[in-house]
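Participant: First, the structure itself, so that you have it in front of you.
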Amino acid sequence: QVQLVESGGGLVQAGGSLRLSCAASGRTFSVNGMGWFRQYLGKEREFVAHISWSGGRIVYSDSVKGRCTISRDNARNTVYLQMSSLKPEDTAVYYCAARVDPWPYYSGTYPVRRNDYDYWGQGTQVTVSS
C-alpha cells in the first residue's frame with residue numbers, strides 16, 4: 001500500500017501562485033509514476049500533470065501548460081505542483097495519484113486517465129478569487 005497526503009492548498013487571488021505538495025509513504029519503492037488531478041464541484045476528476053519516477057517524462061494538460069510545473073524529490077518521496085498565474089477557473093480540489101506499473105511511454109502516450117493510477121490522496125482545496 002502507498003499512502004499519499006497532499007498539502008499546500010488555500011485561497012489565493014487571481015494571478016497568484018501556490019505550490020502543492022504530495023508526500024508518499026508506505027511501499028513507495030513500488031511507485032513508477034505520479035500525477036496530479038483536479039475536480040470541480042459536481043464534475044469528473046480531470047488530469048493536470050504527470051511525472052515519471054525518473055522525472056524524465058512529464059506531461060501537462062492543455063489547461064495548465066505554461067502555468068504549472070510538476071517536479072519530484074525522490075529522496076523525500078514528495079511530488080510538487082507549482083502553479084502560477086492562477087485563474088478563478090483553477091478553483092478545484094487537487095488530488096495526488098500514484099501509479100505502480102511502469103507506463104509504456106514508448107507508445108507515445110501518457111497516463112492521463114483516472115484509472116491509470118492505483119493510489120490517491122484525500123485532496124487539497126485550491127480557491128482562486130477574482
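Identifiers in this document derive from the order of the C-alpha cells: chains are assigned A, B, ..., residues are numbered from 1 separately in each chain, and ligands are numbered from 1 in order of occurrence.
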Can you pull out every residue within 12 Å of Arg57 in chain A, counting only C-alpha atoms, but drop anything in the same chain fewer than 4 positions away, and send it as a list in words?

Facilitator: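 Listed by chain and then number, they are Asn32, Gly33, Met34, Gly35, Ala49, His50, Ile51, Ser52, Trp53, Ile70, Ser71, Arg72, Pro102, Trp103, Pro104, Tyr105, Tyr106, Gly108, Thr109, Tyr110 and Pro111 of chain A.
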
Participant: Take the selection from the previous step and output its residues with N, CA and C atoms, as a JSON list (two decimals), in the first residue's frame.

Facilitator:
[["chain", "number", "residue", "atom", "x", "y", "z"],
["A", 32, "ASN", "N", 5.90, 3.95, -9.84],
["A", 32, "ASN", "CA", 6.61, 4.26, -11.08],
["A", 32, "ASN", "C", 6.22, 5.58, -11.70],
["A", 33, "GLY", "N", 5.14, 6.17, -11.25],
["A", 33, "GLY", "CA", 4.73, 7.45, -11.82],
["A", 33, "GLY", "C", 3.78, 8.15, -10.87],
["A", 34, "MET", "N", 3.78, 9.47, -10.93],
["A", 34, "MET", "CA", 2.91, 10.26, -10.07],
["A", 34, "MET", "C", 2.13, 11.25, -10.92],
["A", 35, "GLY", "N", 0.94, 11.58, -10.47],
["A", 35, "GLY", "CA", 0.14, 12.54, -11.21],
["A", 35, "GLY", "C", -0.64, 13.46, -10.30],
["A", 49, "ALA", "N", -1.34, 16.92, -14.46],
["A", 49, "ALA", "CA", 0.07, 16.74, -14.80],
["A", 49, "ALA", "C", 0.53, 15.35, -14.36],
["A", 50, "HIS", "N", 1.58, 14.87, -15.03],
["A", 50, "HIS", "CA", 2.17, 13.58, -14.70],
["A", 50, "HIS", "C", 3.70, 13.69, -14.76],
["A", 51, "ILE", "N", 4.35, 12.93, -13.87],
["A", 51, "ILE", "CA", 5.80, 12.84, -13.90],
["A", 51, "ILE", "C", 6.20, 11.40, -13.64],
["A", 52, "SER", "N", 7.16, 10.92, -14.41],
["A", 52, "SER", "CA", 7.65, 9.56, -14.24],
["A", 52, "SER", "C", 8.55, 9.50, -13.01],
["A", 53, "TRP", "N", 8.89, 8.27, -12.62],
["A", 53, "TRP", "CA", 9.72, 8.11, -11.43],
["A", 53, "TRP", "C", 11.07, 8.80, -11.59],
["A", 70, "ILE", "N", 5.45, 20.44, -12.62],
["A", 70, "ILE", "CA", 5.46, 19.29, -11.73],
["A", 70, "ILE", "C", 6.90, 18.86, -11.53],
["A", 71, "SER", "N", 7.22, 18.48, -10.31],
["A", 71, "SER", "CA", 8.57, 18.02, -10.00],
["A", 71, "SER", "C", 8.49, 17.00, -8.87],
["A", 72, "ARG", "N", 9.59, 16.31, -8.64],
["A", 72, "ARG", "CA", 9.59, 15.32, -7.57],
["A", 72, "ARG", "C", 10.94, 15.28, -6.90],
["A", 102, "PRO", "N", 4.89, 0.17, -14.54],
["A", 102, "PRO", "CA", 5.56, 1.08, -15.48],
["A", 102, "PRO", "C", 4.65, 1.42, -16.64],
["A", 103, "TRP", "N", 4.74, 2.64, -17.12],
["A", 103, "TRP", "CA", 3.92, 3.07, -18.25],
["A", 103, "TRP", "C", 4.72, 2.92, -19.53],
["A", 104, "PRO", "N", 4.07, 2.44, -20.60],
["A", 104, "PRO", "CA", 4.77, 2.29, -21.88],
["A", 104, "PRO", "C", 4.92, 3.62, -22.62],
["A", 105, "TYR", "N", 5.81, 4.46, -22.14],
["A", 105, "TYR", "CA", 5.99, 5.78, -22.76],
["A", 105, "TYR", "C", 6.39, 5.66, -24.22],
["A", 106, "TYR", "N", 7.02, 4.52, -24.60],
["A", 106, "TYR", "CA", 7.44, 4.33, -25.98],
["A", 106, "TYR", "C", 6.25, 4.35, -26.93],
["A", 108, "GLY", "N", 4.08, 6.55, -26.99],
["A", 108, "GLY", "CA", 3.73, 7.92, -27.30],
["A", 108, "GLY", "C", 2.57, 8.45, -26.49],
["A", 109, "THR", "N", 2.13, 7.66, -25.53],
["A", 109, "THR", "CA", 1.02, 8.08, -24.68],
["A", 109, "THR", "C", 1.49, 8.29, -23.25],
["A", 110, "TYR", "N", 0.61, 8.89, -22.46],
["A", 110, "TYR", "CA", 0.90, 9.14, -21.06],
["A", 110, "TYR", "C", -0.31, 8.72, -20.23],
["A", 111, "PRO", "N", -0.09, 8.43, -18.95],
["A", 111, "PRO", "CA", -1.22, 8.06, -18.09],
["A", 111, "PRO", "C", -2.01, 9.30, -17.68]]

Participant: Using only C-alpha atoms, what table do you get, as JSON lines, when you list each residue of range 84-121 of chain A with an atom no more than 9 Å from range 5-23 of chain A, its nearest pair of atoms, and their distance in Å rounded to one decimal, rows by chain then rising number?

Facilitator:
{"residue": "A:Ser84", "atom": "CA", "partner": "A:Ser17", "partner_atom": "CA", "distance": 4.2}
{"residue": "A:Ser85", "atom": "CA", "partner": "A:Gly15", "partner_atom": "CA", "distance": 4.1}
{"residue": "A:Leu86", "atom": "CA", "partner": "A:Gly15", "partner_atom": "CA", "distance": 4.8}
{"residue": "A:Lys87", "atom": "CA", "partner": "A:Ala14", "partner_atom": "CA", "distance": 5.0}
{"residue": "A:Pro88", "atom": "CA", "partner": "A:Ala14", "partner_atom": "CA", "distance": 6.3}
{"residue": "A:Val93", "atom": "CA", "partner": "A:Gly9", "partner_atom": "CA", "distance": 8.5}
{"residue": "A:Tyr94", "atom": "CA", "partner": "A:Gly9", "partner_atom": "CA", "distance": 8.1}
{"residue": "A:Tyr95", "atom": "CA", "partner": "A:Glu6", "partner_atom": "CA", "distance": 7.1}
{"residue": "A:Cys96", "atom": "CA", "partner": "A:Cys22", "partner_atom": "CA", "distance": 6.2}
{"residue": "A:Ala97", "atom": "CA", "partner": "A:Cys22", "partner_atom": "CA", "distance": 8.8}
{"residue": "A:Trp120", "atom": "CA", "partner": "A:Val5", "partner_atom": "CA", "distance": 8.5}
{"residue": "A:Gly121", "atom": "CA", "partner": "A:Val5", "partner_atom": "CA", "distance": 5.3}

Participant: Write out, as a compact mmCIF listing (two decimals), in the first residue's frame, the residues just selected, with C-alpha atoms.

Facilitator:
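out13.txt was written with the following content:
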# COMPACT_ATOMS: atom_id res chain seq x y z
CA SER A 84 1.34 30.33 -11.19
CA SER A 85 -0.84 32.88 -12.97
CA LEU A 86 -3.78 31.25 -11.27
CA LYS A 87 -7.26 31.87 -12.59
CA PRO A 88 -10.65 31.54 -10.91
CA VAL A 93 -9.90 20.09 -5.19
CA TYR A 94 -6.49 18.87 -6.27
CA TYR A 95 -5.59 15.22 -5.89
CA CYS A 96 -2.26 13.46 -5.99
CA ALA A 97 -2.10 9.97 -7.50
CA TRP A 120 -4.99 8.54 -4.35
CA GLY A 121 -4.66 11.18 -1.69

Participant: Please identify which residues in chain A DSSP calls strand (DSSP E or B) from the backbone, and express them as number ranges by chain.

Facilitator: A: 2-7, 10-13, 18-26, 33-39, 45-52, 58-60, 68-73, 78-83, 92-99, 119-120, 124-129

Participant: Which is closest to Ala92 in chain A among A:Ala75, A:Ala24, A:Glu46, A:Gln125, if we use only C-alpha atoms?

Facilitator: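 Smallest distance to Ala92 in chain A is found for A:Gln125.
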
Participant: So that I can see what lies close to Val64 in chain A, please list as a PyMOL selection string the residues with an atom at most 9 Å from it, counting only C-alpha atoms and leaving out residues fewer than 6 positions away in the same chain.

Facilitator: chain A and resi 48-49+83+90

Participant: Could you go through range 21-114 of chain A and tell me which residues DSSP, when run on the backbone, assigns to helix (DSSP H, G or I), listing them as a list in words?

Facilitator: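 Across range 21-114 of chain A, those assigned helix (DSSP H, G or I) are Thr28, Phe29, Ser30, Pro88, Glu89, Asp90, Tyr105, Tyr106, Ser107 and Arg114 of chain A.
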
Participant: From the set A:Ser130, A:Glu44, A:Ala98, A:Ser30, which residue has the shortest atom-to-atom contact distance to Asp118 in chain A, counting only C-alpha atoms?

Facilitator: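 Of A:Ser130, A:Glu44, A:Ala98, A:Ser30, the one nearest Asp118 in chain A is A:Ala98, counting only C-alpha atoms.
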
Participant: In Å to one decimal, how far is CA of Thr28 in chain A from CA of Asp73 in chain A?

Facilitator: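 Between these atoms lies a distance of 12.3 Å.
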
Participant: Which one is closest to Arg38 in chain A: A:Thr69, A:Gln122, A:Gln1, A:Asn77? Count only C-alpha atoms.

Facilitator: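 Looking at the shortest contact to Arg38 in chain A, the residue is A:Gln122.
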
Participant: Measuring between only C-alpha atoms, which one of A:Val31, A:Thr91, A:Gly66, A:Thr78 shows the shortest distance to Tyr117 in chain A?

Facilitator: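 Nearest to Tyr117 in chain A: A:Val31.
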
Participant: Report, in Å with one decimal, the straight-line distance from CA of Ser129 in chain A to CA of Tyr40 in chain A.

Facilitator: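 About the pair CA of Ser129 in chain A and CA of Tyr40 in chain A: they are 14.9 Å apart.
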
Participant: Under the rule that only C-alpha atoms are counted, which of A:Thr127, A:Ser107, A:Ser63, A:Asn115 is the nearest residue to Arg45 in chain A?

Facilitator: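 Checking each candidate against Arg45 in chain A, we get A:Asn115 as the closest.
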